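Engineer: Got entry-v1.cif for you, mmCIF, C-alpha atoms and all ligand atoms:
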```cif
data_run
loop_
_atom_site.group_PDB
_atom_site.id
_atom_site.type_symbol
_atom_site.label_atom_id
_atom_site.label_comp_id
_atom_site.auth_asym_id
_atom_site.auth_seq_id
_atom_site.Cartn_x
_atom_site.Cartn_y
_atom_site.Cartn_z
ATOM 1 C CA MET G 1288 7.685 23.717 27.452
ATOM 2 C CA PRO G 1289 6.406 20.144 27.052
ATOM 3 C CA ILE G 1290 6.188 18.978 23.460
ATOM 4 C CA THR G 1291 4.971 15.809 21.795
ATOM 5 C CA VAL G 1292 7.184 14.284 19.141
ATOM 6 C CA LYS G 1293 5.752 11.624 16.866
ATOM 7 C CA ILE G 1294 8.445 9.729 14.971
ATOM 8 C CA GLN G 1295 8.140 7.155 12.233
ATOM 9 C CA ARG G 1296 10.113 4.108 13.326
ATOM 10 C CA PHE G 1297 11.124 1.252 11.061
ATOM 11 C CA ASN G 1298 13.745 -1.449 11.186
ATOM 12 C CA PRO G 1299 13.414 -3.336 7.871
ATOM 13 C CA GLU G 1300 15.369 -6.260 9.303
ATOM 14 C CA ARG G 1301 12.718 -6.809 11.958
ATOM 15 C CA ASP G 1302 9.505 -4.853 11.399
ATOM 16 C CA PRO G 1303 6.889 -5.887 8.835
ATOM 17 C CA GLN G 1304 6.046 -2.206 8.268
ATOM 18 C CA PRO G 1305 6.768 1.268 9.665
ATOM 19 C CA ARG G 1306 5.046 2.315 12.875
ATOM 20 C CA TRP G 1307 4.632 5.551 14.837
ATOM 21 C CA GLU G 1308 6.008 6.209 18.293
ATOM 22 C CA GLU G 1309 5.269 9.241 20.444
ATOM 23 C CA TYR G 1310 7.608 10.840 22.957
ATOM 24 C CA ARG G 1311 7.054 13.619 25.487
ATOM 25 C CA VAL G 1312 10.029 15.950 25.791
ATOM 26 C CA GLN G 1313 10.730 19.049 27.881
ATOM 27 C CA ALA G 1314 12.148 21.547 25.384
ATOM 28 C CA ASP G 1315 13.080 25.199 25.196
ATOM 29 C CA PRO G 1316 11.508 27.178 22.321
ATOM 30 C CA ALA G 1317 15.065 27.995 21.165
ATOM 31 C CA ASP G 1318 16.110 24.317 21.040
ATOM 32 C CA LYS G 1319 16.738 22.773 17.656
ATOM 33 C CA ILE G 1320 14.734 19.756 16.562
ATOM 34 C CA LEU G 1321 18.099 17.977 16.508
ATOM 35 C CA ASP G 1322 18.437 18.749 20.272
ATOM 36 C CA VAL G 1323 14.989 17.222 20.799
ATOM 37 C CA LEU G 1324 15.976 14.080 18.877
ATOM 38 C CA HIS G 1325 19.152 13.867 20.966
ATOM 39 C CA ALA G 1326 17.099 14.181 24.164
ATOM 40 C CA ILE G 1327 14.944 11.262 23.021
ATOM 41 C CA LYS G 1328 17.885 9.131 21.911
ATOM 42 C CA TRP G 1329 20.091 9.827 24.932
ATOM 43 C CA TYR G 1330 17.494 9.775 27.719
ATOM 44 C CA GLN G 1331 14.431 7.839 26.492
ATOM 45 C CA ASP G 1332 15.136 5.436 23.648
ATOM 46 C CA GLY G 1333 18.689 4.649 22.546
ATOM 47 C CA THR G 1334 17.420 2.615 19.599
ATOM 48 C CA LEU G 1335 16.254 5.739 17.721
ATOM 49 C CA THR G 1336 18.485 6.088 14.657
ATOM 50 C CA MET G 1337 19.258 9.242 12.700
ATOM 51 C CA ARG G 1338 22.183 10.825 10.873
ATOM 52 C CA ARG G 1339 23.788 14.064 11.983
ATOM 53 C CA SER G 1340 27.266 15.498 12.244
ATOM 54 C CA CYS G 1341 27.976 19.233 12.313
ATOM 55 C CA GLY G 1342 24.802 20.422 14.046
ATOM 56 C CA HIS G 1343 25.046 23.744 12.227
ATOM 57 C CA GLY G 1344 23.591 23.353 8.729
ATOM 58 C CA VAL G 1345 26.915 22.626 7.049
ATOM 59 C CA CYS G 1346 27.245 18.870 6.522
ATOM 60 C CA GLY G 1347 23.749 18.196 5.167
ATOM 61 C CA SER G 1348 23.417 14.867 6.959
ATOM 62 C CA ASP G 1349 20.252 15.426 9.038
ATOM 63 C CA ALA G 1350 17.658 16.172 6.354
ATOM 64 C CA MET G 1351 14.282 14.668 7.267
ATOM 65 C CA ARG G 1352 10.584 15.454 6.989
ATOM 66 C CA ILE G 1353 9.515 17.704 9.848
ATOM 67 C CA ASN G 1354 5.771 18.333 9.959
ATOM 68 C CA GLY G 1355 5.545 17.199 6.345
ATOM 69 C CA VAL G 1356 8.329 19.423 4.986
ATOM 70 C CA ASN G 1357 11.936 18.486 4.179
ATOM 71 C CA ARG G 1358 14.201 20.308 6.602
ATOM 72 C CA LEU G 1359 17.551 19.985 8.370
ATOM 73 C CA ALA G 1360 16.807 19.039 11.985
ATOM 74 C CA CYS G 1361 19.644 21.303 13.110
ATOM 75 C CA LYS G 1362 18.116 24.351 11.383
ATOM 76 C CA VAL G 1363 14.548 24.123 12.721
ATOM 77 C CA LEU G 1364 13.735 25.459 16.184
ATOM 78 C CA VAL G 1365 11.025 24.193 18.476
ATOM 79 C CA ARG G 1366 9.341 27.597 18.347
ATOM 80 C CA ASP G 1367 9.103 27.245 14.525
ATOM 81 C CA VAL G 1368 6.995 24.095 14.759
ATOM 82 C CA GLY G 1369 5.042 24.395 18.025
ATOM 83 C CA ASN G 1370 4.381 21.785 20.681
ATOM 84 C CA ARG G 1371 3.478 18.914 18.371
ATOM 85 C CA VAL G 1372 6.063 17.684 15.890
ATOM 86 C CA VAL G 1373 5.823 14.857 13.385
ATOM 87 C CA ILE G 1374 9.135 13.529 12.053
ATOM 88 C CA GLU G 1375 9.604 11.092 9.164
ATOM 89 C CA PRO G 1376 12.491 9.986 6.958
ATOM 90 C CA LEU G 1377 12.991 11.594 3.532
ATOM 91 C CA LYS G 1378 10.635 10.193 0.903
ATOM 92 C CA GLY G 1379 11.682 8.218 -2.140
ATOM 93 C CA PHE G 1380 14.697 6.282 -0.844
ATOM 94 C CA PRO G 1381 14.682 2.957 1.036
ATOM 95 C CA VAL G 1382 14.775 3.307 4.816
ATOM 96 C CA VAL G 1383 17.889 1.812 6.378
ATOM 97 C CA LYS G 1384 16.512 2.388 9.877
ATOM 98 C CA ASP G 1385 14.156 4.991 11.368
ATOM 99 C CA LEU G 1386 15.250 8.392 9.997
ATOM 100 C CA VAL G 1387 18.207 7.103 7.976
ATOM 101 C CA VAL G 1388 17.613 6.476 4.279
ATOM 102 C CA ASP G 1389 19.869 4.759 1.768
ATOM 103 C CA LEU G 1390 21.439 7.535 -0.331
ATOM 104 C CA ASP G 1391 23.387 5.291 -2.739
ATOM 105 C CA ARG G 1392 21.195 6.259 -5.708
ATOM 106 C CA PHE G 1393 21.383 9.942 -4.770
ATOM 107 C CA PHE G 1394 25.181 9.872 -4.869
ATOM 108 C CA ALA G 1395 25.206 7.760 -8.048
ATOM 109 C CA ALA G 1396 23.233 10.573 -9.750
ATOM 110 C CA TYR G 1397 25.691 13.101 -8.310
ATOM 111 C CA ARG G 1398 28.660 11.145 -9.683
ATOM 112 C CA ALA G 1399 26.971 10.819 -13.100
ATOM 113 C CA VAL G 1400 27.339 14.563 -13.732
ATOM 114 C CA LYS G 1401 31.093 14.470 -12.959
ATOM 115 C CA PRO G 1402 31.089 17.048 -10.171
ATOM 116 C CA TYR G 1403 34.714 18.086 -10.475
ATOM 117 C CA LEU G 1404 36.730 20.424 -12.671
ATOM 118 C CA ILE G 1405 37.547 18.861 -16.063
ATOM 119 C CA THR G 1406 40.295 20.455 -18.141
ATOM 120 C CA LYS G 1407 41.580 19.332 -21.527
ATOM 121 C CA THR G 1408 43.869 22.115 -22.608
ATOM 122 C CA PRO G 1409 47.446 22.197 -21.245
ATOM 123 C CA ASP G 1410 47.849 23.733 -17.812
ATOM 124 C CA PRO G 1411 48.796 27.423 -17.934
ATOM 125 C CA PRO G 1412 52.152 28.352 -16.331
ATOM 126 C CA LYS G 1413 50.527 29.667 -13.141
ATOM 127 C CA GLU G 1414 46.821 29.021 -12.701
ATOM 128 C CA ARG G 1415 43.479 28.963 -14.500
ATOM 129 C CA SER G 1416 42.377 32.464 -13.593
ATOM 130 C CA GLN G 1417 38.815 33.690 -13.491
ATOM 131 C CA SER G 1418 37.269 37.140 -13.238
ATOM 132 C CA LEU G 1419 34.897 38.052 -10.424
ATOM 133 C CA ARG G 1420 32.037 38.156 -12.923
ATOM 134 C CA GLU G 1421 32.895 34.675 -14.213
ATOM 135 C CA ARG G 1422 32.999 33.349 -10.644
ATOM 136 C CA GLU G 1423 29.677 34.988 -9.873
ATOM 137 C CA ARG G 1424 28.048 33.123 -12.772
ATOM 138 C CA PHE G 1425 27.868 29.877 -10.784
ATOM 139 C CA ASP G 1426 28.174 31.191 -7.223
ATOM 140 C CA ASP G 1427 24.673 30.116 -6.178
ATOM 141 C CA THR G 1428 25.147 26.467 -7.086
ATOM 142 C CA THR G 1429 28.436 26.209 -5.160
ATOM 143 C CA LYS G 1430 26.385 26.411 -1.952
ATOM 144 C CA CYS G 1431 24.963 22.880 -2.187
ATOM 145 C CA ILE G 1432 25.646 20.683 0.853
ATOM 146 C CA LEU G 1433 24.222 17.492 -0.719
ATOM 147 C CA CYS G 1434 21.500 17.094 1.872
ATOM 148 C CA ALA G 1435 19.065 15.516 -0.658
ATOM 149 C CA ALA G 1436 16.159 17.648 0.613
ATOM 150 C CA CYS G 1437 15.426 18.915 -2.919
ATOM 151 C CA THR G 1438 15.476 15.600 -4.757
ATOM 152 C CA THR G 1439 13.341 13.872 -2.142
ATOM 153 C CA ALA G 1440 10.780 16.716 -2.197
ATOM 154 C CA CYS G 1441 10.265 16.378 -5.955
ATOM 155 C CA PRO G 1442 7.064 14.677 -7.210
ATOM 156 C CA SER G 1443 8.816 13.860 -10.502
ATOM 157 C CA PHE G 1444 11.396 11.920 -8.481
ATOM 158 C CA TRP G 1445 8.679 10.179 -6.435
ATOM 159 C CA ALA G 1446 6.994 9.125 -9.689
ATOM 160 C CA ASN G 1447 10.245 8.020 -11.307
ATOM 161 C CA PRO G 1448 13.109 7.186 -8.930
ATOM 162 C CA ASP G 1449 15.472 6.974 -11.923
ATOM 163 C CA TYR G 1450 15.085 10.740 -12.483
ATOM 164 C CA ILE G 1451 18.556 12.195 -11.909
ATOM 165 C CA GLY G 1452 17.000 14.815 -9.596
ATOM 166 C CA PRO G 1453 17.525 18.495 -8.824
ATOM 167 C CA ALA G 1454 20.606 18.063 -6.647
ATOM 168 C CA ALA G 1455 22.585 16.415 -9.450
ATOM 169 C CA ILE G 1456 21.489 19.135 -11.883
ATOM 170 C CA VAL G 1457 22.530 21.849 -9.420
ATOM 171 C CA ASN G 1458 25.965 20.267 -9.149
ATOM 172 C CA ALA G 1459 26.238 19.925 -12.924
ATOM 173 C CA HIS G 1460 25.325 23.619 -13.239
ATOM 174 C CA ARG G 1461 28.138 24.513 -10.846
ATOM 175 C CA PHE G 1462 30.697 23.200 -13.386
ATOM 176 C CA ILE G 1463 28.894 23.766 -16.714
ATOM 177 C CA PHE G 1464 28.960 27.518 -16.050
ATOM 178 C CA ASP G 1465 32.488 27.591 -14.638
ATOM 179 C CA SER G 1466 34.629 29.420 -17.220
ATOM 180 C CA ARG G 1467 37.661 27.231 -16.392
ATOM 181 C CA ASP G 1468 35.860 23.944 -16.979
ATOM 182 C CA GLU G 1469 36.030 22.025 -20.260
ATOM 183 C CA GLY G 1470 33.708 19.109 -19.477
ATOM 184 C CA ALA G 1471 30.311 20.677 -20.170
ATOM 185 C CA GLU G 1472 29.592 18.370 -23.129
ATOM 186 C CA GLU G 1473 29.973 15.263 -20.966
ATOM 187 C CA ARG G 1474 27.714 16.654 -18.265
ATOM 188 C CA LEU G 1475 25.098 17.862 -20.714
ATOM 189 C CA ALA G 1476 25.086 14.429 -22.367
ATOM 190 C CA ALA G 1477 24.382 12.837 -18.973
ATOM 191 C CA LEU G 1478 21.502 15.272 -18.421
ATOM 192 C CA ASN G 1479 20.007 15.092 -21.910
ATOM 193 C CA THR G 1480 18.627 11.596 -21.352
ATOM 194 C CA HIS G 1481 15.311 9.897 -20.671
ATOM 195 C CA ASP G 1482 15.755 10.328 -16.912
ATOM 196 C CA GLY G 1483 17.736 13.543 -17.090
ATOM 197 C CA VAL G 1484 16.894 17.207 -16.812
ATOM 198 C CA TRP G 1485 13.723 17.023 -18.929
ATOM 199 C CA ARG G 1486 11.988 15.069 -16.138
ATOM 200 C CA CYS G 1487 11.817 18.371 -14.249
ATOM 201 C CA ARG G 1488 8.275 19.731 -14.477
ATOM 202 C CA THR G 1489 9.073 23.034 -12.723
ATOM 203 C CA ILE G 1490 7.019 22.172 -9.652
ATOM 204 C CA PHE G 1491 9.264 24.274 -7.356
ATOM 205 C CA ASN G 1492 9.157 21.892 -4.352
ATOM 206 C CA CYS G 1493 12.944 21.774 -4.580
ATOM 207 C CA GLN G 1494 13.185 25.521 -4.122
ATOM 208 C CA ASP G 1495 11.101 25.427 -0.933
ATOM 209 C CA ALA G 1496 13.079 22.488 0.453
ATOM 210 C CA CYS G 1497 16.617 23.781 -0.068
ATOM 211 C CA PRO G 1498 18.151 24.839 3.279
ATOM 212 C CA ARG G 1499 20.787 26.861 1.405
ATOM 213 C CA GLY G 1500 18.276 28.965 -0.488
ATOM 214 C CA ILE G 1501 19.727 27.952 -3.849
ATOM 215 C CA GLU G 1502 17.563 29.039 -6.780
ATOM 216 C CA ILE G 1503 17.232 25.490 -8.028
ATOM 217 C CA PRO G 1504 14.507 25.981 -10.692
ATOM 218 C CA LYS G 1505 16.583 28.843 -12.157
ATOM 219 C CA ALA G 1506 19.684 26.634 -12.331
ATOM 220 C CA ILE G 1507 17.665 23.827 -13.944
ATOM 221 C CA ALA G 1508 16.171 26.268 -16.453
ATOM 222 C CA GLU G 1509 19.668 27.500 -17.384
ATOM 223 C CA VAL G 1510 20.819 23.944 -18.030
ATOM 224 C CA LYS G 1511 17.710 23.261 -20.152
ATOM 225 C CA GLN G 1512 18.274 26.478 -22.126
ATOM 226 C CA THR G 1513 21.889 25.523 -22.780
ATOM 227 C CA LEU G 1514 20.785 22.141 -24.110
ATOM 228 C CA LEU G 1515 18.091 23.707 -26.278
ATOM 229 C CA ARG G 1516 20.520 26.236 -27.735
ATOM 230 C CA ARG G 1517 22.929 23.447 -28.654
ATOM 231 C CA THR G 1518 20.186 21.301 -30.198
ATOM 232 C CA PHE G 1519 18.958 24.277 -32.215
ATOM 233 C CA ARG G 1520 22.477 25.080 -33.388
ATOM 234 C CA PHE G 1521 23.151 21.511 -34.572
ATOM 235 C CA SER G 1522 19.755 21.098 -36.268
ATOM 236 C CA ARG G 1523 20.084 24.094 -38.612
ATOM 237 C CA PRO G 1524 22.455 24.816 -41.496
ATOM 238 C CA ALA G 1525 25.477 26.730 -40.266
ATOM 239 C CA LYS G 1526 24.620 29.782 -42.389
ATOM 240 C CA ASP G 1527 21.356 30.257 -40.426
ATOM 241 C CA ILE G 1528 23.155 30.553 -37.101
ATOM 242 C CA SER G 1529 24.202 33.985 -36.059
HETATM 243 FE FE1 LIG G 1601 20.322 20.209 -0.373
HETATM 244 FE FE2 LIG G 1601 19.853 22.536 -1.724
HETATM 245 FE FE3 LIG G 1601 21.918 20.905 -2.440
HETATM 246 FE FE4 LIG G 1601 19.409 20.150 -2.905
HETATM 247 S S1 LIG G 1601 20.469 21.933 -3.828
HETATM 248 S S2 LIG G 1601 21.033 18.854 -2.075
HETATM 249 S S3 LIG G 1601 18.325 20.966 -1.114
HETATM 250 S S4 LIG G 1601 21.663 22.016 -0.482
HETATM 251 FE FE1 LIG G 1602 25.088 18.969 9.675
HETATM 252 FE FE2 LIG G 1602 22.486 19.415 10.244
HETATM 253 S S1 LIG G 1602 23.902 18.145 11.336
HETATM 254 S S2 LIG G 1602 23.612 20.004 8.499
#
```
I need this file expressed as structure tokens, please.

Structural biologist:
Amino acid sequence: MPITVKIQRFNPERDPQPRWEEYRVQADPADKILDVLHAIKWYQDGTLTMRRSCGHGVCGSDAMRINGVNRLACKVLVRDVGNRVVIEPLKGFPVVKDLVVDLDRFFAAYRAVKPYLITKTPDPPKERSQSLRERERFDDTTKCILCAACTTACPSFWANPDYIGPAAIVNAHRFIFDSRDEGAEERLAALNTHDGVWRCRTIFNCQDACPRGIEIPKAIAEVKQTLLRRTFRFSRPAKDIS
């Protein structure tokens, strides 16, 4: 079927502002939007720039706005969007070129929550074991592929680009609730700041945007509750705390 693809193009080194370009492509309803972008890049306009790697929803590199919604281009089929598609880069980060945005700030927020296992007690003779129930506690947030679709769909992030963003909170959650980890205090301190977890206004855009189906607002709420419980505990005399 013939489809029309309208793509926002922008080369900041050359263009005064972004512009739209339209392409006509012959596509199969079962083709991915990533296939359509490849058809444009390989056969019509080699200057079109986008990120992609795995092509199967694993690497998280091809998040972009497809008909106004953050999606992975490799996970959306032509039949899902019809014969007219509008494609833009993710919102809220500077455009490097066309559909590629500069993710330096996204990964700085990720690094700020120390997304790795922190241990302080001596290593046990064999391993730091964990029950199935303990592993289940943070299973959902292990699924993140760092695509940035959630953070760049968040109006709180658009209003304040210093907001640490849902993706960083999801990755903090993954370790805060890991029974083997001993770095929760450091992560919670990073989140309990002016631009930390309290910037979340529970708008739920992140939930809709996540290609992994992670329950992001639930994870954020659990982090907020943990912080509140700790604040409450420290602000009352010890005898009042059960
Ligand atoms: Fe992408 Fe979901 Fe991870 Fe956000 S939480 S970065 S939307 S995979
Ligand atoms: Fe890897 Fe789409 S190309 S997630």

Engineer: Write out as number ranges by chain each polymer residue (protein, DNA or RNA) that has an atom no more than 6 Å from ligand LIG 1602 (chain G), with only C-alpha atoms and all ligand atoms counted.

Structural biologist: G: 1339-1349, 1359-1361

Engineer: Name the closest residue to ligand LIG 1601 (chain G) among the candidates G:Gln1331, G:Gln1417, G:Asn1357, G:Thr1489; distances are taken between atoms, counting all atoms listed in the file.

Structural biologist: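 Of G:Gln1331, G:Gln1417, G:Asn1357, G:Thr1489, the one nearest ligand LIG 1601 (chain G) is G:Asn1357, counting all atoms listed in the file.
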
Engineer: Fewer than 3 positions away in the same chain doesn't count, so skip those; otherwise give me all residues within 12 Å of Leu1335 of chain G, counting all atoms listed in the file, as an NGL selection string.

Structural biologist: :G and (1294-1298 or 1307-1310 or 1323-1332 or 1338 or 1374 or 1384-1387)

Engineer: Go ahead and write the selection's residues with C-alpha atoms as a JSON list (two decimals), in the frame of the given file.

Structural biologist:
```json
[["chain", "number", "residue", "atom", "x", "y", "z"],
["G", 1294, "ILE", "CA", 8.44, 9.73, 14.97],
["G", 1295, "GLN", "CA", 8.14, 7.16, 12.23],
["G", 1296, "ARG", "CA", 10.11, 4.11, 13.33],
["G", 1297, "PHE", "CA", 11.12, 1.25, 11.06],
["G", 1298, "ASN", "CA", 13.74, -1.45, 11.19],
["G", 1307, "TRP", "CA", 4.63, 5.55, 14.84],
["G", 1308, "GLU", "CA", 6.01, 6.21, 18.29],
["G", 1309, "GLU", "CA", 5.27, 9.24, 20.44],
["G", 1310, "TYR", "CA", 7.61, 10.84, 22.96],
["G", 1323, "VAL", "CA", 14.99, 17.22, 20.80],
["G", 1324, "LEU", "CA", 15.98, 14.08, 18.88],
["G", 1325, "HIS", "CA", 19.15, 13.87, 20.97],
["G", 1326, "ALA", "CA", 17.10, 14.18, 24.16],
["G", 1327, "ILE", "CA", 14.94, 11.26, 23.02],
["G", 1328, "LYS", "CA", 17.89, 9.13, 21.91],
["G", 1329, "TRP", "CA", 20.09, 9.83, 24.93],
["G", 1330, "TYR", "CA", 17.49, 9.78, 27.72],
["G", 1331, "GLN", "CA", 14.43, 7.84, 26.49],
["G", 1332, "ASP", "CA", 15.14, 5.44, 23.65],
["G", 1338, "ARG", "CA", 22.18, 10.82, 10.87],
["G", 1374, "ILE", "CA", 9.14, 13.53, 12.05],
["G", 1384, "LYS", "CA", 16.51, 2.39, 9.88],
["G", 1385, "ASP", "CA", 14.16, 4.99, 11.37],
["G", 1386, "LEU", "CA", 15.25, 8.39, 10.00],
["G", 1387, "VAL", "CA", 18.21, 7.10, 7.98]]
```

Engineer: Taking the file as I've supplied it (selection: the PyMOL selection byres (((not hetatm)) within 7 of (chain G and resi 1601))), which residues are included? Please answer as a JSON list (two decimals) with C-alpha atoms, keeping the file's coordinate frame.

Structural biologist:
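Writing the result to selection26.json gives the following:
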```
[["chain", "number", "residue", "atom", "x", "y", "z"],
["G", 1347, "GLY", "CA", 23.75, 18.20, 5.17],
["G", 1430, "LYS", "CA", 26.38, 26.41, -1.95],
["G", 1431, "CYS", "CA", 24.96, 22.88, -2.19],
["G", 1432, "ILE", "CA", 25.65, 20.68, 0.85],
["G", 1433, "LEU", "CA", 24.22, 17.49, -0.72],
["G", 1434, "CYS", "CA", 21.50, 17.09, 1.87],
["G", 1435, "ALA", "CA", 19.07, 15.52, -0.66],
["G", 1436, "ALA", "CA", 16.16, 17.65, 0.61],
["G", 1437, "CYS", "CA", 15.43, 18.92, -2.92],
["G", 1438, "THR", "CA", 15.48, 15.60, -4.76],
["G", 1453, "PRO", "CA", 17.52, 18.50, -8.82],
["G", 1454, "ALA", "CA", 20.61, 18.06, -6.65],
["G", 1457, "VAL", "CA", 22.53, 21.85, -9.42],
["G", 1493, "CYS", "CA", 12.94, 21.77, -4.58],
["G", 1496, "ALA", "CA", 13.08, 22.49, 0.45],
["G", 1497, "CYS", "CA", 16.62, 23.78, -0.07],
["G", 1498, "PRO", "CA", 18.15, 24.84, 3.28],
["G", 1499, "ARG", "CA", 20.79, 26.86, 1.40],
["G", 1500, "GLY", "CA", 18.28, 28.96, -0.49],
["G", 1501, "ILE", "CA", 19.73, 27.95, -3.85],
["G", 1503, "ILE", "CA", 17.23, 25.49, -8.03]]
```

Engineer: Name the closest residue to Asp1465 of chain G among the candidates G:Thr1429, G:Asn1354, G:Gln1512, G:Gln1313; distances are taken between atoms, counting all atoms listed in the file.

Structural biologist: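 Among G:Thr1429, G:Asn1354, G:Gln1512, G:Gln1313, it is G:Thr1429 that comes nearest to Asp1465 of chain G.
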